[in-house]
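Here is the structure we will look at, set down as structure tokens.
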Amino acid sequence: MNRAIVHIDMNTFFVSCERLANSELHGIPLIIGGGERGVVASCSYEARRFGVRSAMPIHMAMKLCPQAKIMKGDMELYSKLSHDITEIIQEKAPVVEKASIDEFYLDISGMDKFYGSYKWTDELAQRITKETGLPLTFALSINKTVSKIGTGEGKQKQNLEIPEHLVQSFLNPLSIQKIPMVGQKTFELLSRIGIRTIQTLSEMPAEALQQMIGKNGLELWKKANGIDNNPVEPYTERKSISTEHTFSQDTIDMPKLNRVLLGMVEKLAYQLRSEEWLTSTVTVKIRYANFDTETKQCRVQYTSADHILTRTVTELFDKLYQRRMRLRLIGVRFSGLVRGTYQIDLFSDTQEMLSLYQAMDRMKTRYGFDAVMRCAGASFKPNNKDEILKRKK
């Protein structure tokens, strides 16, 4: 049975959500982001015509498009509409993977025997737009990579169906930058030796690619040749992440308690970013030496940033810990999770802050969670080995 994989991408999702709430925003250049030192989280097609792009510093975007309207963004609204879209898709599709707040993969293999796969997908897309008011683009092909590339191409043309016998002819003329795993550094490296199109890349020996760019070389060669056996992973909504620390001896040592709390926050915030979650609810738990247990929580704007979550946890702990008895246990929990990366959380932070988190996360991913930590929380070590984030292969 031939695979039939659909990729659905909501068009300029944040912008479309804002326009749904305020019709006066239609037709004008719109930038979702924050502050003069912040970065662009999303922008309308009207702004893109002037060269504005996601992750661009706001001050640079305003130089390119000074007439643009800047909005801070409303993650509550975006999350609600994303949830509505997810429910519509899950009701109809046999296997759904929610790749991000505005991006979905569907495995509808075998459906063509009973109902045309493209026709089925087109009717689903029409239903999503009719019930939510939000535009989207989809592509249907034999695997996730080709479908995702197809969606990107379809935004300028129309929804695409790329059957197996047309996959290579569809991919060949495209830039290698269209392949999801090709970043700027890889593009520059390959460009220097004349590899700029997918066809040229597909014709290069896989072994040579491995020698040039390492273990990802073979995977890149496969994608250039339209090969991707990765399954559509069924979507399940995670409710929360948490960690607790039980002291070997009950303590009232405030500097020690604060260090442990900060280390716990850093661990959980890194986990949020690694798994592409944002949290909206923070809970702190304490257990006294006499086993009395108390908790306190508060809501925050959706985030995965250490500096925001650290401040919140510290304030909650100060309000919660009033009895000044020795503590046996402290814990932190992040809940109210939605899919999203730290980049879409940058409604008020700076490009420098984004760069800092990206650099720290790369080091943690490569060398382990405790490879680089803030000094204040560096003494924190999880009680259980299983709590330590495993290095990604």
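We name chains A, B, ... following the order of the structure tokens; residues begin at 1 in each chain, and ligands are numbered from 1 as shown.
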Name the residues in contact with A:Ser240 at a cut-off of 10 Å, using only C-alpha atoms, excluding same-chain residues fewer than 4 positions from it; report them as a PyMOL selection string. chain A and resi 272+277+279+281-282+333-338
Would you give me, as a PyMOL selection string, the residues in stretch 48-272 of chain A that DSSP reads as strand (DSSP E or B)? chain A and resi 57+69-71+95-100+103-107+136-141+160-161+175+197+240-251
Determine, counting only C-alpha atoms, which protein, DNA and RNA residues have an atom within 8 Å of an atom of A:Ser100; residues of the same chain fewer than 6 positions away are not included. Present the result as a list in words.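 Listing them by chain and then by number gives Glu276, Arg339 and Gly340 of chain A.
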Keeping only all heavy atoms, write those residues as a PDB file, in the first residue's frame.
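What landed in selection-v1.pdb:
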ATOM      1  N   GLU A 276       9.402  21.440  22.623  1.00  0.00           N
ATOM      2  CA  GLU A 276       8.594  22.478  21.972  1.00  0.00           C
ATOM      3  C   GLU A 276       7.243  22.670  22.665  1.00  0.00           C
ATOM      4  O   GLU A 276       6.177  22.534  22.064  1.00  0.00           O
ATOM      5  CB  GLU A 276       8.416  22.165  20.481  1.00  0.00           C
ATOM      6  CG  GLU A 276       9.734  22.172  19.732  1.00  0.00           C
ATOM      7  CD  GLU A 276       9.572  22.113  18.229  1.00  0.00           C
ATOM      8  OE1 GLU A 276       8.451  21.802  17.770  1.00  0.00           O
ATOM      9  OE2 GLU A 276      10.556  22.380  17.520  1.00  0.00           O
ATOM     10  N   ARG A 339       1.719  23.652  22.357  1.00  0.00           N
ATOM     11  CA  ARG A 339       2.850  23.495  21.460  1.00  0.00           C
ATOM     12  C   ARG A 339       3.376  24.860  21.020  1.00  0.00           C
ATOM     13  O   ARG A 339       2.623  25.782  20.757  1.00  0.00           O
ATOM     14  CB  ARG A 339       2.444  22.706  20.220  1.00  0.00           C
ATOM     15  CG  ARG A 339       2.367  21.200  20.442  1.00  0.00           C
ATOM     16  CD  ARG A 339       3.738  20.632  20.669  1.00  0.00           C
ATOM     17  NE  ARG A 339       3.705  19.185  20.836  1.00  0.00           N
ATOM     18  CZ  ARG A 339       4.755  18.458  21.152  1.00  0.00           C
ATOM     19  NH1 ARG A 339       5.914  19.047  21.373  1.00  0.00           N
ATOM     20  NH2 ARG A 339       4.664  17.165  21.280  1.00  0.00           N
ATOM     21  N   GLY A 340       4.686  24.967  20.952  1.00  0.00           N
ATOM     22  CA  GLY A 340       5.285  26.210  20.478  1.00  0.00           C
ATOM     23  C   GLY A 340       6.750  26.248  20.853  1.00  0.00           C
ATOM     24  O   GLY A 340       7.176  25.615  21.808  1.00  0.00           O
TER      25      GLY A 340
END
Non-local contacts of stretch 167-179 of chain A (7 Å; only C-alpha atoms; under 5 positions in same chain excluded) as a PyMOL selection string: chain A and resi 149+162+187+196-199+225-226
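Contact shell of A:His7 at 6 Å (only C-alpha atoms; same-chain neighbours under 6 positions omitted): A:Phe104, A:Tyr105, A:Phe138, A:Ala139, A:Ser147, A:Lys148.
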Residues just named, written with C-alpha atoms as a PDB file, in the first residue's frame:
ATOM      1  CA  PHE A 104      -0.084  19.060  11.285  1.00  0.00           C
ATOM      2  CA  TYR A 105       0.799  15.764   9.589  1.00  0.00           C
ATOM      3  CA  PHE A 138      -1.915  21.548   2.403  1.00  0.00           C
ATOM      4  CA  ALA A 139       0.102  19.119   0.324  1.00  0.00           C
ATOM      5  CA  SER A 147       4.510  16.924   1.807  1.00  0.00           C
ATOM      6  CA  LYS A 148       6.119  19.658   3.909  1.00  0.00           C
TER       7      LYS A 148
END
Residues near A:Phe247, anyone? I mean within 10 Å using only C-alpha atoms, not counting same-chain ones fewer than 5 positions away, as a list of chain:residue names. A:Leu257, A:Leu327, A:Arg328, A:Leu329, A:Ile330, A:Asn383
Kindly export the residues of the current selection with N, CA and C atoms, as a compact mmCIF listing (two decimals), in the first residue's frame.
# COMPACT_ATOMS: atom_id res chain seq x y z
N LEU A 257 18.00 26.25 49.43
CA LEU A 257 16.67 26.07 48.86
C LEU A 257 16.53 26.84 47.55
N LEU A 327 12.25 22.11 55.83
CA LEU A 327 11.59 21.51 54.68
C LEU A 327 12.18 20.15 54.34
N ARG A 328 11.29 19.24 53.99
CA ARG A 328 11.69 17.89 53.58
C ARG A 328 11.78 17.78 52.06
N LEU A 329 10.90 18.53 51.35
CA LEU A 329 10.79 18.39 49.90
C LEU A 329 10.33 19.69 49.27
N ILE A 330 10.83 19.98 48.08
CA ILE A 330 10.29 21.08 47.27
C ILE A 330 10.08 20.56 45.85
N ASN A 383 17.59 13.82 42.01
CA ASN A 383 17.78 12.67 42.87
C ASN A 383 17.93 11.38 42.08
Hey, which of A:Ala4, A:Arg324, A:Asp306, A:Asp228 ends up closest to A:Glu161? Count only C-alpha atoms. A:Ala4
Using only C-alpha atoms, find the one residue out of A:Met62, A:Ile241, A:Ile70, A:Met212 that sits nearest to A:Ile31. A:Ile70
With only C-alpha atoms as the counted atoms, please give the residues lying no more than 7 Å from A:Pro29, apart from itself and same-chain residues fewer than 2 positions off, as a ChimeraX atom specification. /A:27,31,44,46-47,68-69
Print the selection's residues with C-alpha atoms to a file, as an mmCIF file, in the first residue's frame.
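The new file selection-v8.cif reads:
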data_model
loop_
_atom_site.group_PDB
_atom_site.id
_atom_site.type_symbol
_atom_site.label_atom_id
_atom_site.label_comp_id
_atom_site.auth_asym_id
_atom_site.auth_seq_id
_atom_site.Cartn_x
_atom_site.Cartn_y
_atom_site.Cartn_z
ATOM 1 C CA GLY A 27 -4.900 44.170 4.000
ATOM 2 C CA ILE A 31 4.022 42.358 12.456
ATOM 3 C CA SER A 44 1.648 39.239 7.128
ATOM 4 C CA GLU A 46 1.926 42.466 2.988
ATOM 5 C CA ALA A 47 4.947 42.938 5.282
ATOM 6 C CA ALA A 68 3.634 48.208 9.393
ATOM 7 C CA LYS A 69 1.469 47.871 12.490
#
What is the atom CA of A:Glu24-atom CA of A:Thr151 distance in Å, reported with one decimal?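 Atom CA of A:Thr151 lies at a distance of 28.1 Å from atom CA of A:Glu24.
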